[in-house]
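What follows is a single structure, written as structure tokens, with notes after it.
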Amino acid sequence: MKQIHLAILATCLVLGACDQAKDETAPAHGEDHAAGHGAEHERPLPEIDESGYGIASAMIRPPLGGRDVTAGYLDVVSSKDDAIVGAHSDNIGSIELHTHEMDDDGVMLMRQVDDVPLAAGKLVSFQPKGLHLMMFGVSQLETGDVINVTLEFASGAQKTVPFVVETPSVTLNQEN
Ligand SMILES: [Cu+2]
């Protein structure tokens with residue numbers, strides 16, 4: 001099963017299309033029209049800590065062969081209305097907020113955004129095919145490395161989050 005997942009993941013890295021592959025427990029409803037709808041899975045709300053924010057599943061993909069560009073993902077929730085306005089890390093040259101959009105020809109294109117709004121108590125999920133932290137000037141990372149990334153919020157708050165280097169769609173709780 002793990003081998004199958006890894007094979008699918010390898011494909012996803014190229015295509016950026018992981019939705020259908022990763023969730024075997026999804027209900028098999030025939031009328032599911034998820035195909036055109038991006039990555040909106042039911043995901044648990046991260047627990048909000050004393051900072052007023054909750055973060056889960058923070059991960060960075062290892063850069064693909066020889067490149068110094070990669071993407072980071074996470075689930076985030078804020079206790080009050082806010083927005084993510086940036087991110088930085090001592091280990092990464094620069095980080096941009098990106099989203100994916102489908103153009104008229106059905107081609108997925110990345111677009112930089114100035115901020116990512118966070119409605120109070122509502123999950124915002126950065127994940128493949130959608131929002132991501134676009135990372136430039138990334139040194140070679142090994143699976144299992146932990147990179148601290150500081151998220152910057154419109155409120156003025158900053159929160160440093162450990163991002164685990166791993167292939168996408170592997171849950172943090174899973175024994176590897
Ligand atoms: Cu991007």
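Within each chain, counting starts at residue 1; across the structure tokens, chains are named A, B, ... in the order shown, with ligands numbered 1 upward in that order.
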
(request) Taking only C-alpha atoms and all ligand atoms into account, report as number ranges by chain which residues have an atom no farther than 12 Å from an atom of ligand 1. (result) A: 16, 69-73, 95-101, 108-113, 126-136

(message) List as number ranges by chain the protein and nucleic acid residues near Tyr53 of chain A, meaning an atom at most 6 Å away when only C-alpha atoms are counted, but skip any in the same chain fewer than 4 places from it.
(response) A: 48-49, 77-78

Kindly save the residues from that selection, with N, CA and C atoms included, as a PDB file, in the first residue's frame.
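Resulting contents of again31.pdb:
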ATOM      1  N   ILE A  48      -6.660  25.446  18.591  1.00  0.00           N
ATOM      2  CA  ILE A  48      -6.134  26.802  18.753  1.00  0.00           C
ATOM      3  C   ILE A  48      -5.392  26.890  20.084  1.00  0.00           C
ATOM      4  N   ASP A  49      -4.134  27.327  20.030  1.00  0.00           N
ATOM      5  CA  ASP A  49      -3.342  27.419  21.261  1.00  0.00           C
ATOM      6  C   ASP A  49      -3.383  28.835  21.827  1.00  0.00           C
ATOM      7  N   VAL A  77      -6.003  27.841  11.448  1.00  0.00           N
ATOM      8  CA  VAL A  77      -7.245  28.458  11.901  1.00  0.00           C
ATOM      9  C   VAL A  77      -6.878  29.573  12.875  1.00  0.00           C
ATOM     10  N   SER A  78      -7.636  30.641  12.844  1.00  0.00           N
ATOM     11  CA  SER A  78      -7.432  31.775  13.752  1.00  0.00           C
ATOM     12  C   SER A  78      -8.660  31.937  14.627  1.00  0.00           C
TER      13      SER A  78
END

Write out as a tab-separated table a residue-level contact list of segment 21-138 of chain A versus segment 146-167 of chain A with cut-off 6 Å: for each qualifying residue the closest pair of atoms and the distance in Å to one decimal, counting only C-alpha atoms, rows sorted by chain and residue number upward.
residue	atom	partner	partner_atom	distance
A:Ala58	CA	A:Phe163	CA	4.8
A:Met59	CA	A:Phe163	CA	4.6
A:Ile60	CA	A:Val165	CA	4.7
A:Arg61	CA	A:Glu166	CA	5.4
A:Asp82	CA	A:Ala154	CA	5.9
A:Ala83	CA	A:Ala154	CA	5.2
A:Ile84	CA	A:Phe153	CA	4.5
A:Val85	CA	A:Phe153	CA	5.4
A:Gly86	CA	A:Glu152	CA	5.0
A:Ala87	CA	A:Leu151	CA	4.4
A:His88	CA	A:Thr150	CA	5.3
A:Ser89	CA	A:Val149	CA	4.7

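Between atom CA of Asp75 of chain A and atom CA of Val107 of chain A the interatomic distance comes to 25.2 Å.
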
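In this structure, atom CA of Ser125 of chain A sits 10.2 Å away from atom CA of Glu42 of chain A.
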
(request) Please report, as a PyMOL selection string, each residue of segment 33-163 of chain A to which DSSP assigns strand (DSSP E) when run on this structure's backbone. (result) chain A and resi 53-60+69-78+82-88+92-102+108-112+116-118+124-126+132-138+146-153+158-163

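From atom CA of Ser139 of chain A back to atom CA of Ile92 of chain A, the distance works out to 7.4 Å.
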